[in-house]
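With compact mmCIF, C-alpha atoms inside, this is query-v3.txt:
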```txt
# COMPACT_ATOMS: atom_id res chain seq x y z
CA PHE A 254 4.45 -16.22 -25.74
CA ASP A 255 4.21 -13.95 -22.69
CA ALA A 256 4.80 -10.89 -24.89
CA GLU A 257 1.95 -11.89 -27.20
CA VAL A 258 -0.39 -12.45 -24.26
CA TRP A 259 0.57 -9.03 -22.90
CA LEU A 260 -0.06 -7.38 -26.29
CA VAL A 261 -3.50 -8.96 -26.67
CA ASP A 262 -4.48 -8.13 -23.08
CA MET A 263 -3.30 -4.52 -23.23
CA SER A 264 -4.72 -4.04 -26.73
CA GLY A 265 -8.18 -4.88 -25.40
CA ARG A 266 -7.78 -2.41 -22.56
CA LEU A 267 -6.51 0.31 -24.90
CA LYS A 268 -9.26 -0.11 -27.52
CA ARG A 269 -11.51 2.60 -26.04
CA TYR A 270 -8.71 5.18 -26.49
CA ILE A 271 -7.23 3.98 -29.79
CA PRO A 272 -9.85 2.20 -31.94
CA ASP A 273 -7.49 1.13 -34.74
CA ALA A 274 -5.96 -2.28 -33.93
CA GLU A 275 -2.71 -1.75 -35.85
CA GLU A 276 -2.15 1.65 -34.25
CA ARG A 277 -2.78 0.13 -30.80
CA LEU A 278 -0.33 -2.72 -31.32
CA SER A 279 2.29 -0.37 -32.72
CA LEU A 280 1.96 1.90 -29.68
CA LEU A 281 2.06 -1.02 -27.26
CA ARG A 282 5.25 -2.33 -28.85
CA LEU A 283 6.80 1.14 -28.51
CA VAL A 284 5.68 1.41 -24.88
CA HIS A 285 7.08 -2.01 -24.08
CA ARG A 286 10.40 -1.28 -25.82
CA GLU A 287 10.99 2.15 -24.27
CA ALA A 288 9.79 1.12 -20.81
CA SER A 289 12.06 -1.92 -20.87
CA LYS A 290 15.05 0.17 -22.00
CA ALA A 291 14.48 2.49 -19.06
CA GLY A 292 13.91 -0.34 -16.59
CA LEU A 293 10.24 0.51 -16.09
CA LYS A 294 7.16 -1.66 -16.10
CA PRO A 295 5.20 -1.04 -19.31
CA GLU A 296 1.96 -0.98 -17.31
CA LEU A 297 3.30 1.94 -15.26
CA VAL A 298 4.04 3.84 -18.45
CA LEU A 299 0.53 3.11 -19.74
CA ALA A 300 -0.92 4.39 -16.45
CA LEU A 301 1.16 7.57 -16.68
CA ILE A 302 0.02 8.15 -20.27
CA HIS A 303 -3.56 7.50 -19.21
CA ALA A 304 -3.26 10.13 -16.47
CA GLU A 305 -1.37 12.64 -18.60
CA SER A 306 -3.15 12.65 -21.97
CA LEU A 307 -5.60 9.76 -22.37
CA PHE A 308 -3.34 8.59 -25.21
CA ASP A 309 -3.62 11.81 -27.24
CA ARG A 310 -0.30 12.16 -29.05
CA PHE A 311 -1.10 15.79 -29.93
CA ALA A 312 -2.01 16.83 -26.38
CA ILE A 313 -0.51 20.12 -25.20
CA SER A 314 -0.97 21.21 -21.60
CA SER A 315 -1.60 24.71 -20.35
CA VAL A 316 2.11 24.93 -19.43
CA GLY A 317 3.31 23.63 -22.80
CA ALA A 318 3.96 19.94 -22.09
CA GLN A 319 3.57 17.92 -25.28
CA GLY A 320 2.51 14.50 -26.48
CA MET A 321 1.21 11.41 -24.77
CA MET A 322 3.62 11.56 -21.85
CA GLN A 323 3.35 15.36 -21.64
CA VAL A 324 7.06 16.11 -21.93
CA MET A 325 8.14 19.68 -21.34
CA PRO A 326 10.01 21.12 -24.35
CA PHE A 327 12.95 22.32 -22.20
CA TRP A 328 14.08 18.67 -22.11
CA LYS A 329 14.99 18.93 -25.82
CA ALA A 330 17.52 21.68 -25.07
CA GLU A 331 18.66 19.84 -21.94
CA LEU A 332 19.50 16.81 -24.10
CA GLY A 333 20.94 18.88 -26.96
CA ARG A 334 18.25 17.79 -29.41
CA PRO A 335 16.18 20.92 -30.21
CA GLN A 336 14.93 19.43 -33.49
CA ASP A 337 13.09 16.51 -31.82
CA ASN A 338 9.32 16.29 -32.31
CA LEU A 339 7.59 15.54 -29.01
CA THR A 340 4.32 14.60 -30.74
CA ASP A 341 6.09 11.67 -32.41
CA ASN A 342 5.14 8.68 -30.25
CA ALA A 343 8.57 7.02 -30.34
CA THR A 344 10.33 10.26 -29.41
CA ASN A 345 7.80 11.15 -26.72
CA LEU A 346 8.02 7.70 -25.16
CA ARG A 347 11.82 7.73 -25.23
CA TYR A 348 11.88 11.10 -23.46
CA GLY A 349 9.10 10.31 -21.01
CA CYS A 350 10.51 6.94 -19.96
CA THR A 351 14.02 8.36 -19.63
CA ILE A 352 12.75 11.28 -17.54
CA LEU A 353 10.72 9.01 -15.25
CA ARG A 354 13.76 6.73 -14.82
CA HIS A 355 15.87 9.82 -13.97
CA TYR A 356 13.39 10.85 -11.28
CA LEU A 357 13.17 7.29 -9.90
CA ASP A 358 16.94 7.21 -9.59
CA ARG A 359 17.00 10.68 -8.04
CA SER A 360 14.37 9.65 -5.47
CA ASN A 361 16.09 6.34 -4.65
CA GLY A 362 13.26 4.30 -6.17
CA ARG A 363 10.42 6.02 -4.32
CA LEU A 364 7.70 5.89 -6.97
CA ILE A 365 5.33 8.41 -5.40
CA GLU A 366 8.13 10.97 -5.17
CA ALA A 367 9.36 10.22 -8.70
CA LEU A 368 5.88 10.61 -10.18
CA ALA A 369 5.40 13.92 -8.36
CA ARG A 370 8.73 15.15 -9.72
CA TYR A 371 7.74 14.02 -13.22
CA ASN A 372 4.54 16.05 -12.98
CA GLY A 373 6.12 19.07 -11.30
CA SER A 374 4.06 18.56 -8.16
CA TYR A 375 6.93 17.55 -5.87
CA GLY A 376 5.85 17.50 -2.23
CA GLN A 377 2.26 16.62 -3.13
CA THR A 378 0.68 13.22 -3.71
CA TRP A 379 -2.44 13.91 -5.79
CA TYR A 380 -0.77 13.24 -9.14
CA SER A 381 1.05 10.12 -7.97
CA ARG A 382 -2.23 8.73 -6.63
CA ARG A 383 -3.91 9.47 -9.95
CA VAL A 384 -1.27 7.47 -11.84
CA LEU A 385 -1.30 4.63 -9.31
CA ASP A 386 -5.10 4.49 -9.38
CA ALA A 387 -4.99 4.19 -13.18
CA LEU A 388 -2.30 1.52 -12.86
CA HIS A 389 -4.30 -0.62 -10.45
CA GLN A 390 -7.74 -0.05 -11.92
CA ARG A 391 -6.97 -0.30 -15.62
CA TRP A 392 -3.44 -1.48 -16.46
CA TYR A 393 -2.24 -3.84 -13.75
CA ARG A 394 -2.09 -7.51 -14.75
CA GLU A 395 -2.63 -10.13 -12.06
```

Once more with this new file: its structure as structure tokens, please.
Amino acid sequence: FDAEVWLVDMSGRLKRYIPDAEERLSLLRLVHREASKAGLKPELVLALIHAESLFDRFAISSVGAQGMMQVMPFWKAELGRPQDNLTDNATNLRYGCTILRHYLDRSNGRLIEALARYNGSYGQTWYSRRVLDALHQRWYRE
């Protein structure tokens, strides 16, 4: 029951970015699955995606990061999977959640530090604040 309530709630919040209801629910299920596998809150992952790409699966940054979670392609070689498609939502979410978990572990659970590492802005707080603002203003459930 809680999962259904979460899906309905988040689907309503996501509607402005992904108008198609089936596509929204599919993405939310993927987010929930990959976040849970990595030991992350799904709302945090939604906030990170919001900050990174506004849910554009084909987004490419000026430095080459790809997909919704803006994963750098070097991670494919790092993981020995050069054939992976980072614009595939399931693949992008798997990478992004795993990378964020890696940085959380590396920073002993300090979320601000982990988010800065994820973004490549280690030592600065602007990006972490952007994600946390999105989390609290749009994705956090009370």

Next item on the list: Could you give me, as a VMD selection string, the residues within 7 Å of Ala300 of chain A, counting all atoms listed in the file and dropping anything in the same chain fewer than 5 positions from it?
Entry: chain A and resid 384 387 to 388 392

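One distance worth recording is that between atom CA of Leu364 of chain A and atom CA of His389 of chain A, which is 14.1 Å.
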
Next item on the list: Rank A:Phe327, A:Trp379, A:Tyr270, A:Tyr348 by their smallest atom-to-atom distance to Val298 of chain A, using only C-alpha atoms, and report the top residue only.
Entry: A:Tyr348

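Close to (13.2, 0.4, -14.5), meaning no more than 10 Å away when counting only C-alpha atoms, sit the residues Ala288, Ser289, Lys290, Ala291, Gly292, Leu293, Lys294, Pro295, Cys350, Thr351, Leu353, Arg354, His355, Leu357, Asp358 and Gly362 of chain A.
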
Margin query: Could you check the closest approach to Ile302 of chain A for each of A:Ile365, A:Asn345, A:Ser374, A:Arg359 and tell me which residue wins, using only C-alpha atoms?
Written below: A:Asn345

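With atom CA of Ile271 of chain A on one side and atom CA of Arg370 of chain A on the other, the separation reads 28.0 Å.
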
Margin query: Let me make sure I understand: among A:Val284, A:Leu299, A:Leu339, A:Val258, which one has the smallest atom-to-atom distance to Phe311 of chain A if we use only C-alpha atoms?
Written below: A:Leu339

Next item on the list: Using only C-alpha atoms, pick whichever of A:Ala256, A:Leu267, A:Leu297, A:Ile352 has the shortest atom-to-atom distance to Lys329 of chain A.
Entry: A:Ile352

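Take atom CA of Glu366 of chain A and atom CA of Leu385 of chain A: the distance between them is 12.1 Å.
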
Pick out the residues sitting within 12 Å of Lys268 of chain A, and hand them over as a compact mmCIF listing (two decimals) with C-alpha atoms, in the coordinates of the input; count all atoms listed in the file, and ignore anything fewer than 4 positions along from it in its own chain.
```txt
# COMPACT_ATOMS: atom_id res chain seq x y z
CA LEU A 260 -0.06 -7.38 -26.29
CA VAL A 261 -3.50 -8.96 -26.67
CA ASP A 262 -4.48 -8.13 -23.08
CA MET A 263 -3.30 -4.52 -23.23
CA SER A 264 -4.72 -4.04 -26.73
CA PRO A 272 -9.85 2.20 -31.94
CA ASP A 273 -7.49 1.13 -34.74
CA ALA A 274 -5.96 -2.28 -33.93
CA GLU A 275 -2.71 -1.75 -35.85
CA GLU A 276 -2.15 1.65 -34.25
CA ARG A 277 -2.78 0.13 -30.80
CA LEU A 278 -0.33 -2.72 -31.32
CA LEU A 280 1.96 1.90 -29.68
CA LEU A 281 2.06 -1.02 -27.26
CA LEU A 307 -5.60 9.76 -22.37
CA PHE A 308 -3.34 8.59 -25.21
```

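Of the residues under consideration (A:Gly376, A:Gln390, A:Leu301, A:Asp309), A:Leu301 shows the shortest atom-to-atom contact distance to Gly349 of chain A when counting only C-alpha atoms.
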
Margin query: What's around Asn372 of chain A at 9 Å? Count only C-alpha atoms, leave out sequence neighbours fewer than 5 positions away in its own chain, and write the answer as JSON, numbers by chain.
Written below: {"A": [305, 323, 367, 380, 381]}
